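First the structure, in the form of structure tokens, and then the observations on it.
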Amino acid sequence: MAIVERPLAIGAGDDAVPVVDRPLGDLTRPKISGTWKDWLSTVDHKKIGIMYGVAAMFFFVIGGAEALLIRIQLATPNGTLLSPEVYNQVFTMHGVTMIFLVIMPLAAAFANYLLPLQIGARDVAFPRMNALSFWVFLFGGLFLNSAWLLGGGADGGWFNYAPNSSVTFSPSHGIDFYALGLQITGIASLVSAINLITTVLNMRPKGMSLFRMPVFTWMNLVVQFLLLFAVPVISVALFELTFDRLFGANFFNTEAGADPLLWQHLFWIFGHPEVYILILPSFGIISEVIPTFSRKPIFGYSFMVFSGIAIGFMGWGVWAHHMFVSGIGPISVAAFSLSTMFIAVPTGVKILNWLATIWGGRLRFTTAMLFAVGVVSMFTIGGLSGVTHSIAPADTQQTDTYYIVAHFHYVIFGGALLGIFSGFYFWWPKMFGYMLNERIGKWNFWLQIVGFNVTFGPMHILGLQGMSRRIDTYDASFGFEFWNLVASIGSFIIAAGIAIFFWNISYSRKQWKKAGMPNPGPDPWDARSLEWMTASPTPEHNFDEEIVVESLDEFWHRKYGYDENNNVVRIATAEEVAQDGSNTNVHLPSPSYFPIVLALGLPIIAYGLIYSLWLCIPGAALLIYGFVGWIFEHPDDPNAAHDHHDEHGDGDEPDALDAPADDAGADDEAELVAAGTETEADNG
Amino acid sequence: MASATVAVEHDEDHGHAETNTGISNNKLAMWLFLSSDCLLFGALISSFLLYRTNIGDNNTGYDSPFDVFDIPFTSLSSFVLLMSSLTMVLSLSAVNRDDERAGRIWMMTTAFLGMVFIGGQVFEFTEFYQVYGLGYSTNTWTSAFYTLTGFHGVHVSVGILMLLGTVFGTRKSGLGKGKSETVELVGLYWHFVDIVWVIIFTVIYLIPIG
Amino acid sequence: MTATETHVDVHDEHDHPSDSQYVIIALILAALTAIEILMFVFEEDLPRSGVKLGLIFLMVVKFWIVGAYFMHLKFDKPILWQLFVAGLLLAVAVYFIMMSAFEFSFWNDGFEDQGLPGGGS
């Protein structure tokens, strides 16, 4: 049973004495005010998800601008727009931004918004920690990008190999910002991973067994496990780099006899699971989109789930294929070649299952579906060029050429990002209560997919011709100029596609307002999973009543049944099945300022480590203040229309370890049981 | 990462009985954090092992780390930390049978033993630096050694803060049976820090080189 | 259901060891530690590989005892030790492979090899 569900006993709160909940004096419990301030203190997983999305799109614009700078520089031979030093910073920050500040948080946006909804829960397991994850991520990202204003960004490439990352070769503070910034966003990922795994494992409603969870939820569960185990590895690598650069440690100092391969191993032990962290959420998204628009259940649900788990598992055994030219020895090369070939198998299973889902379906090519089909086709190309890298001799030829650049853009842009756009079009009405315009959406899709192929397709050729990645320019005599020009033109087509997406958001919103706000209804796409079983946009409390789940694709099975000839027939409309979100008697976790306060301490400490250790003192003070305040603040506001003040009403200081569950849990339970019975009765 | 740890300890969920796994959210989250921490210490230990024999680099005058290790002293502090696990588990046992006084005493004992361990570490570091001239940036061995044992020391210190916070934070509300989960979570963290030291003690201090 | 009845007792009442059993477990741990130290002291008189293997074995045993009894993994829900062992085994596996790639082992770390640590090849 979803344990956050705490409906109120009506009329019970009358005799309660309001208490002043002042956790640490000045920061009083925030009240819902309906203004922007709500967003600073919210612990609602849906608002946090939306904030993740907005922040990630902001960084997407920055990273995209960096990409365009690269393409302008390379459009013609001997480009002079960027100096070699600045070029190094631009491509490094482009990669770091797109991976850590765009794709990962966009996936986190969907995971935050949808996981609790898809399993039918009220919120995540730890709402305040969820807010903490977001703020830590945001401040980490801003910290990382603040390097541009403070002497230039990191310039060692996104994987930042030692010893090139040492102070000797990169004397500016860029790489310090890289190390500390990624450390901070790593904390965000770790906290969020613990939170979401706990949510999925612990907070499913009655009947929602693990194998009734939608594939999207499954893929995100795998991703959170990958984060849980991969983040500490990069944390150690980044700590070691930070200590080397700031405190004179010798982990990567070759002069002192250090082995620079240590960085490569640690980075790629993290880095290869990271690749699956980027792609699996999109696999999850299109596994929701394709069945909906094929009007068929997903083909081979358990194969989809187990291949996702297999990818997550095998992703740990292939990291050294990034290091074939590092001199890791023939045995390692042979072993990692083999494991890399094997990991193509579960990915292939997924692609076949999507095709089998589409096969024979009654297809509707909405924009979301187009993007999903785009993922299947583009990711296949990227996956195939990826398998070519498992052949070590071929990889030796291709390493550090544009062939690699082409490959990973086909998987990350063609796979992850297109999947996320599919998710935007699919879940937009659920999140915001209006549909994105389909006609503009199709322009968006076609510009993006054409631009994408025009940009990155030629890079395969350039790579095989021998153009190395990360060079800031090339000479006209090399024969690279034609395809580079084509790629640069393509990049502007992509930019146009993205611009149309932003325009679509505002245009659709205006149209929707002009037309007197017709609500798209709970289920505009005739979809299958639980998040469509509540009103659009999702009410703050998610579900009026707990849903008792009886099958995979529960919502679809409530809408459709079988007639005597075993044909599928509609037995109910979505409006009849879905909840209307009218229940106002639901107690929700109370907002809190402490997550943002705590998070703010981290970048200040990081600036302190770089510039002056004195600055660490206020940073640490803020951190401790946020922390202590967090502990002393009740997760639940005793004043928020709530019927158990008796324990707290005597003016006692709130107690640090007085977990609300101890006393508050009790009568809730009784109510919960009552509500549960009610739900069953309704459904029966 | 400490932030995650202690945040986990103070729960935000609203009841324990009704989770799917039968384990409270807090406890599950703590175990997830601990299993993630395995990868953290694994990387630190591996980094140390890579540079295990490099203490002679930069002409420090030592051939082997065993020239500087004071094994009897370290054995004693390892023993102290090991026994702090016993006092921790006795504290939980006392809290479980609602014996608040014994619970507090054992918990304070645990914190005290932890402080003795940290004191020993401070002494060891000081001696390495002042007597043997091994600074943080002397060579790859010192960097790896101080980082690994330092990270462990930070974990122990966080544990001490958690213990003291539990003892003093419950002065008003009491430390009875209702708090047994809080004590249990602190205990889990504490035991984990202890078993990490079990590995560090063997791998760094005991296994001979060559 | 009244409030007192639903007052949640977080502990599944498994048969946790008693206090005296905890003390016995701690004594066993202390004894194992003593054996470790004795092995270290008399390492010159013992076969080198035997000392190394013995120390690693004792380390694993101590780890297991603390995990199983003090952390209650033996008495708790299986999912907890499954989760923990997942992280632990993953860590052992990836770092073992990594150290193998560095050609590190406790058995070839002698001083005759003064090149890069583990050779790096």
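By order of appearance in the structure tokens: chains A, B, ..., then residues from 1 within every chain, and ligands from 1 in the order shown.
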
For this session: With a distance cut-off of 12 Å and only C-alpha atoms, select the neighbouring residues of A:Trp268, excluding the residue or stretch itself and same-chain residues fewer than 4 positions from it, and output the selection as a PyMOL selection string.
Result: (chain A and resi 158-161+230-231+233-234+237+261-264+272-275+315-324) or (chain C and resi 94+98)

Those same residues, written as a tab-separated table (two decimals), in the first residue's frame with C-alpha atoms?
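What landed in selection.tsv:
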```tsv
chain	number	residue	atom	x	y	z
A	158	TRP	CA	34.80	15.23	-21.19
A	159	PHE	CA	36.84	12.23	-20.09
A	160	ASN	CA	39.67	14.46	-19.12
A	161	TYR	CA	42.57	12.03	-19.27
A	230	ALA	CA	28.63	4.10	-10.72
A	231	VAL	CA	28.57	7.49	-9.01
A	233	VAL	CA	33.52	5.38	-8.68
A	234	ILE	CA	33.63	8.72	-10.48
A	237	ALA	CA	38.36	9.60	-9.44
A	261	LEU	CA	45.83	4.58	-16.49
A	262	LEU	CA	44.31	4.67	-13.00
A	263	TRP	CA	42.21	7.64	-14.09
A	264	GLN	CA	41.19	5.93	-17.31
A	272	HIS	CA	30.36	2.85	-19.48
A	273	PRO	CA	27.46	2.33	-17.08
A	274	GLU	CA	26.94	6.06	-17.62
A	275	VAL	CA	26.28	5.36	-21.31
A	315	GLY	CA	27.41	-2.60	-18.75
A	316	TRP	CA	29.87	-3.16	-15.91
A	317	GLY	CA	32.03	-5.56	-17.85
A	318	VAL	CA	32.89	-3.62	-20.98
A	319	TRP	CA	34.56	-0.43	-19.81
A	320	ALA	CA	38.04	-1.13	-21.15
A	321	HIS	CA	36.83	-1.07	-24.76
A	322	HIS	CA	37.30	2.67	-24.39
A	323	MET	CA	40.95	1.95	-23.67
A	324	PHE	CA	42.02	-0.41	-26.44
C	94	VAL	CA	35.25	-4.60	-11.19
C	98	MET	CA	40.94	-3.44	-12.96
```

Exercise. Which residues in stretch 387-459 of chain A does DSSP call helix (DSSP H, G or I)? List them as an MDAnalysis selection string.
Worked result: chainID A and resid 387:388 392:398 402:432 438:459

Exercise. What is the distance, in Å and to one decimal place, between atom CA of B:Thr110 and atom CA of B:Met88?
Worked result: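 Interatomic distance, atom CA of B:Thr110 to atom CA of B:Met88: 5.8 Å.
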
For this session: Mind checking which residues fall within 12 Å of stretch 101-107 of chain C, counting only C-alpha atoms, ignoring those fewer than 3 positions away in the same chain, and posting them as a ChimeraX atom specification?
Result: /A:259-262,264-265,319-320,323-324,326-336 /B:46-53,203-204,206-210 /C:48-53,55-56,94-98,110-111,113,116-121

Chain C residues near chain B within 8 Å, closest pair each, using only C-alpha atoms, as CSV:
```
residue,atom,partner,partner_atom,distance
C:Val8,CA,B:Ala17,CA,6.4
C:Asp9,CA,B:Gly178,CA,7.5
C:Val10,CA,B:His16,CA,6.4
C:His11,CA,B:Glu181,CA,7.9
C:Ser18,CA,B:Ser93,CA,7.9
C:Asp19,CA,B:Leu90,CA,6.3
C:Tyr22,CA,B:Leu86,CA,6.8
C:Val23,CA,B:Leu86,CA,7.0
C:Ala26,CA,B:Leu86,CA,6.2
C:Leu29,CA,B:Leu82,CA,7.8
C:Ala30,CA,B:Phe79,CA,7.1
C:Thr33,CA,B:Phe79,CA,7.6
C:Glu36,CA,B:Leu206,CA,7.8
C:Ile37,CA,B:Ser75,CA,7.4
C:Phe40,CA,B:Leu206,CA,6.1
C:Arg48,CA,B:Pro208,CA,8.0
C:Val51,CA,B:Ile207,CA,7.5
C:Lys52,CA,B:Ile207,CA,5.7
C:Leu55,CA,B:Thr202,CA,6.6
C:Ile56,CA,B:Thr202,CA,7.2
C:Met59,CA,B:Ile199,CA,6.3
C:Lys62,CA,B:Val198,CA,7.2
C:Phe63,CA,B:Ile195,CA,5.6
C:Val66,CA,B:Ile195,CA,7.0
C:Gly67,CA,B:His191,CA,7.6
C:Phe70,CA,B:Val89,CA,6.1
C:Met71,CA,B:Leu188,CA,5.8
C:Lys77,CA,B:Ile23,CA,7.6
C:Ile79,CA,B:Thr21,CA,7.9
C:Leu80,CA,B:Trp31,CA,6.8
C:Leu83,CA,B:Ser35,CA,6.8
C:Phe84,CA,B:Ser35,CA,4.7
C:Val85,CA,B:Ser35,CA,7.4
C:Ala86,CA,B:Ser35,CA,7.4
C:Gly87,CA,B:Ser35,CA,4.6
C:Leu88,CA,B:Cys38,CA,5.7
C:Leu90,CA,B:Leu39,CA,7.7
C:Ala91,CA,B:Leu39,CA,5.0
C:Val92,CA,B:Gly42,CA,7.2
C:Tyr95,CA,B:Ser46,CA,6.6
C:Met99,CA,B:Ser46,CA,7.1
C:Phe102,CA,B:Leu50,CA,7.8
C:Phe104,CA,B:Leu50,CA,7.1
C:Phe106,CA,B:Ile209,CA,7.3
C:Trp107,CA,B:Gly210,CA,6.8
C:Asn108,CA,B:Gly210,CA,6.7
C:Asp109,CA,B:Gly210,CA,5.6
C:Gly110,CA,B:Gly210,CA,4.0
C:Phe111,CA,B:Gly210,CA,6.8
C:Pro117,CA,B:Leu50,CA,6.0
C:Gly118,CA,B:Leu50,CA,6.9
```
